[in-house]
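Pasted below: input-v3.txt, compact mmCIF, C-alpha atoms.
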# COMPACT_ATOMS: atom_id res chain seq x y z
CA MET A 376 -103.73 -39.00 -9.53
CA LYS A 377 -105.06 -37.41 -6.35
CA THR A 378 -104.17 -40.57 -4.42
CA LEU A 379 -100.58 -40.47 -5.68
CA ARG A 380 -100.28 -36.82 -4.63
CA LEU A 381 -101.56 -37.66 -1.11
CA ILE A 382 -99.17 -40.62 -0.84
CA GLY A 383 -96.30 -38.42 -2.06
CA MET A 384 -97.10 -35.71 0.50
CA ALA A 385 -97.35 -38.34 3.24
CA VAL A 386 -93.92 -39.72 2.28
CA ILE A 387 -92.42 -36.22 2.29
CA ALA A 388 -93.98 -35.52 5.72
CA VAL A 389 -92.48 -38.75 7.12
CA ILE A 390 -89.04 -38.00 5.65
CA MET A 391 -89.05 -34.46 7.04
CA SER A 392 -90.10 -35.62 10.52
CA ILE A 393 -87.34 -38.25 10.53
CA ASN A 394 -84.87 -35.61 9.36
CA PHE A 395 -85.84 -33.25 12.19
CA ILE A 396 -85.55 -36.06 14.73
CA ALA A 397 -82.08 -36.98 13.39
CA CYS A 398 -80.92 -33.36 13.59
CA ASP A 399 -82.05 -33.08 17.20
CA ASP A 400 -79.59 -35.80 18.27
CA ASP A 401 -76.64 -33.98 16.69
CA GLU A 402 -76.53 -31.14 19.24
CA ASP A 403 -73.10 -30.57 20.77
CA ASN A 404 -72.66 -31.18 24.44
CA ASN A 405 -70.34 -28.50 25.83
CA THR A 406 -69.69 -30.30 29.09
CA ILE A 407 -66.54 -32.39 29.36
CA ASP A 408 -65.48 -35.09 31.76
CA THR A 409 -62.58 -33.39 33.54
CA SER A 410 -61.53 -36.57 35.32
CA SER A 411 -59.37 -37.33 32.25
CA LEU A 412 -57.63 -33.94 32.17
CA GLU A 413 -54.90 -34.63 34.72
CA GLY A 414 -51.77 -36.33 33.44
CA THR A 415 -48.88 -36.06 31.03
CA TRP A 416 -49.79 -35.23 27.43
CA GLY A 417 -47.37 -35.45 24.48
CA LEU A 418 -47.90 -33.26 21.41
CA VAL A 419 -48.67 -35.32 18.28
CA ARG A 420 -49.99 -32.59 15.94
CA SER A 421 -50.00 -28.81 15.68
CA ALA A 422 -51.89 -27.04 12.88
CA GLY A 423 -53.00 -23.48 12.34
CA TRP A 424 -51.92 -19.98 11.43
CA GLU A 425 -50.42 -16.84 12.93
CA PHE A 426 -50.45 -13.35 11.50
CA CYS A 427 -48.03 -10.68 12.64
CA THR A 428 -48.28 -7.08 11.52
CA ASN A 429 -46.02 -4.19 12.28
CA ASN A 430 -47.80 -1.11 10.96
CA ILE A 431 -49.26 -2.11 7.56
CA ASP A 432 -46.66 -4.77 6.71
CA GLY A 433 -47.69 -8.27 7.67
CA GLU A 434 -46.77 -11.88 7.29
CA LYS A 435 -49.05 -14.89 7.74
CA ASP A 436 -47.48 -18.18 8.77
CA THR A 437 -49.41 -21.45 8.40
CA TRP A 438 -48.33 -24.90 9.56
CA ASP A 439 -49.42 -28.49 10.01
CA TYR A 440 -46.83 -30.63 11.80
CA THR A 441 -46.93 -34.08 13.34
CA TYR A 442 -44.70 -35.32 16.16
CA ASP A 443 -43.79 -38.47 18.07
CA PRO A 444 -43.49 -37.58 21.79
CA TYR A 445 -41.78 -40.91 22.54
CA ASN A 446 -38.96 -40.20 20.04
CA PRO A 447 -38.50 -36.46 20.40
CA ASP A 448 -36.06 -34.24 18.60
CA ALA A 449 -36.12 -30.46 18.38
CA ASP A 450 -39.40 -28.53 18.72
CA LYS A 451 -41.31 -31.16 20.70
CA GLU A 452 -43.47 -30.41 23.71
CA LYS A 453 -45.48 -32.07 26.42
CA LEU A 454 -47.88 -30.84 29.08
CA VAL A 455 -48.19 -31.98 32.66
CA ILE A 456 -51.60 -31.06 34.07
CA LYS A 457 -52.41 -31.38 37.77
CA LYS A 458 -55.65 -30.50 39.54
CA LEU A 459 -55.22 -27.91 42.32
CA THR A 460 -58.87 -27.28 43.30
CA ASP A 461 -62.28 -28.12 41.81
CA ASN A 462 -61.74 -26.08 38.65
CA THR A 463 -58.13 -24.85 38.92
CA TYR A 464 -55.20 -26.67 37.32
CA SER A 465 -51.43 -26.37 37.20
CA ILE A 466 -50.20 -26.63 33.60
CA ILE A 467 -46.49 -27.08 32.97
CA LEU A 468 -45.19 -26.92 29.41
CA TYR A 469 -41.99 -28.84 28.67
CA ASP A 470 -39.86 -28.50 25.52
CA TYR A 471 -37.44 -31.18 24.41
CA TRP A 472 -33.87 -29.92 24.10
CA LYS A 473 -31.86 -32.02 21.68
CA ASP A 474 -28.54 -30.64 22.97
CA SER A 475 -29.14 -32.00 26.47
CA SER A 476 -31.46 -34.87 25.39
CA SER A 477 -33.99 -33.89 28.04
CA TRP A 478 -37.35 -32.27 28.66
CA LEU A 479 -36.96 -28.80 30.22
CA VAL A 480 -39.66 -26.54 31.67
CA GLU A 481 -40.59 -23.84 29.17
CA ASN A 482 -43.56 -22.32 30.98
CA SER A 483 -45.71 -22.92 34.04
CA GLN A 484 -49.22 -21.51 34.42
CA THR A 485 -52.34 -21.83 36.47
CA GLY A 486 -55.59 -22.25 34.56
CA THR A 487 -59.21 -22.11 35.62
CA LEU A 488 -61.62 -24.43 33.86
CA ASN A 489 -64.83 -22.67 32.83
CA GLY A 490 -67.02 -25.14 30.91
CA ASN A 491 -64.74 -26.40 28.16
CA THR A 492 -62.40 -23.38 28.28
CA ILE A 493 -59.16 -23.11 30.25
CA VAL A 494 -58.53 -19.48 31.19
CA TYR A 495 -54.90 -18.92 32.15
CA LYS A 496 -53.79 -16.59 34.93
CA GLU A 497 -53.19 -13.01 33.79
CA GLN A 498 -49.71 -12.30 32.45
CA ASP A 499 -48.63 -8.83 31.36
CA GLY A 500 -52.20 -7.56 31.42
CA GLN A 501 -53.45 -10.30 29.09
CA TYR A 502 -55.60 -13.38 29.66
CA ASP A 503 -54.91 -16.32 27.40
CA TYR A 504 -57.27 -19.25 27.02
CA ALA A 505 -57.57 -22.62 25.31
CA ILE A 506 -60.77 -24.35 24.28
CA ILE A 507 -60.90 -28.08 24.94
CA GLU A 508 -62.34 -29.49 21.72
CA THR A 509 -61.78 -33.16 22.61
CA LEU A 510 -60.97 -34.87 25.88
CA THR A 511 -60.89 -38.64 26.26
CA ALA A 512 -58.74 -40.97 28.34
CA ASP A 513 -56.06 -40.93 25.60
CA LYS A 514 -56.62 -37.77 23.54
CA LEU A 515 -56.64 -34.03 24.28
CA VAL A 516 -57.30 -31.42 21.59
CA LEU A 517 -56.81 -27.76 22.52
CA ARG A 518 -57.73 -24.83 20.29
CA ASN A 519 -56.01 -21.51 20.88
CA LYS A 520 -57.12 -18.18 19.44
CA TYR A 521 -55.54 -14.84 20.17
CA ASN A 522 -55.36 -11.23 19.02
CA ILE A 523 -52.67 -9.33 20.89
CA LEU A 524 -51.71 -5.68 20.62
CA VAL A 525 -47.99 -5.84 21.36
CA ASN A 526 -47.25 -2.13 21.98
CA PRO A 527 -50.46 -0.35 23.06
CA ASP A 528 -48.51 2.84 23.90
CA LEU A 529 -47.53 3.44 20.28
CA PRO A 530 -49.65 5.61 17.97
CA ASN A 531 -52.41 3.67 16.17
CA ASP A 532 -50.60 3.73 12.83
CA ALA A 533 -47.53 2.10 14.43
CA ASN A 534 -49.24 -0.61 16.49
CA HIS A 535 -47.94 -4.16 16.27
CA TYR A 536 -50.48 -7.00 16.36
CA HIS A 537 -50.19 -10.76 16.63
CA ASN A 538 -53.21 -12.92 16.01
CA GLY A 539 -53.62 -16.59 15.36
CA ASP A 540 -55.76 -19.67 15.51
CA TYR A 541 -54.25 -23.11 15.97
CA THR A 542 -55.15 -26.56 17.27
CA GLU A 543 -52.81 -28.85 19.19
CA THR A 544 -53.52 -32.55 19.55
CA TYR A 545 -51.97 -34.49 22.43
CA THR A 546 -51.81 -38.13 23.39
CA ARG A 547 -51.62 -39.35 26.99
CA MET A 548 -48.08 -40.46 27.79
CA LYS A 549 -47.12 -43.17 30.20
CA GLU A 550 -45.44 -41.63 33.22
For the file at hand, write its structure as structure tokens.
Amino acid sequence: MKTLRLIGMAVIAVIMSINFIACDDDEDNNTIDTSSLEGTWGLVRSAGWEFCTNNIDGEKDTWDYTYDPYNPDADKEKLVIKKLTDNTYSIILYDYWKDSSSWLVENSQTGTLNGNTIVYKEQDGQYDYAIIETLTADKLVLRNKYNILVNPDLPNDANHYHNGDYTETYTRMKE
């Protein structure tokens, strides 16, 4: 009986050491290969939520949409990202306009890459950012989180907030 107990404890010790070794390899690597960042990226999926409150009334909107950037209709977007310096990028957002059957510039920003986070140039006293969750030669996944006080000059009980958390998945488009 004592022998079985020793064998059992030895087996448990081996299993636990293998388990610890396996867990060690699962650590996330926060560095990304930015050589794949430049290019034209078409939106294929947008999923998340946004909450808007004006005083105590509020409404939460959730969504999960898929898109085909090669056959766009309304509400489609693409990004064109160009490297300006070592860690600074030009990011142009295009929306597809069904009425004119063309991609039109919606917004243009400069972003600084800090690790896996793109911090956009200040606009109206706010800094926006996107976290690069995935970046390969053909796939870009950006996560956006925000909590914005819309009218900071109003009394606290009348403040208007917007906050949200959403992920956008892009595919590299042929130029």
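Taking atom CA of Ala422 of chain A and atom CA of Thr437 of chain A as the two end points, the separation is 7.6 Å.
Separating atom CA of Thr409 of chain A from atom CA of Ile466 of chain A is a distance of 14.1 Å.
Between atom CA of Gly423 of chain A and atom CA of Thr485 of chain A lies a distance of 24.2 Å.
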Please identify all polymer residues within 10 Å of Trp478 of chain A, counting all atoms listed in the file, omitting same-chain residues fewer than 6 positions from it, and present them as a VMD selection string. chain A and resid 447 451 to 453 468 to 472
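Nearest to Leu515 of chain A of all the residues A:Cys427, A:Leu488, A:Val480, A:Met548 is A:Met548, counting only C-alpha atoms.
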Option closest in space to Ser421 of chain A, from A:Asp439, A:Asp408, A:Asp503, A:Glu434 [counting all atoms listed in the file]: A:Asp439
Mind checking which residues fall within 9 Å of Gly417 of chain A, counting only C-alpha atoms, ignoring those fewer than 2 positions away in the same chain, and posting them as a count of residues only? 16
In terms of the shortest atom-to-atom distance over all atoms listed in the file, which of A:Leu517, A:Leu459, A:Ile467, A:Leu510 is closest to Thr487 of chain A? A:Leu459
From A:Tyr536, A:Tyr440, A:Tyr521, A:Tyr541, residue lying nearest Thr428 of chain A [only C-alpha atoms]: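 Looking at the shortest contact to Thr428 of chain A, the residue is A:Tyr536.
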So, counting all atoms listed in the file, which residue among A:Arg420, A:Val494, A:Glu481, A:Ser410 is closest to Lys457 of chain A? A:Ser410
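Distances from A:Ala505, A:Thr441, A:Lys549, A:Asn519 to Trp416 of chain A were compared using all atoms listed in the file, and the smallest one belongs to A:Lys549.
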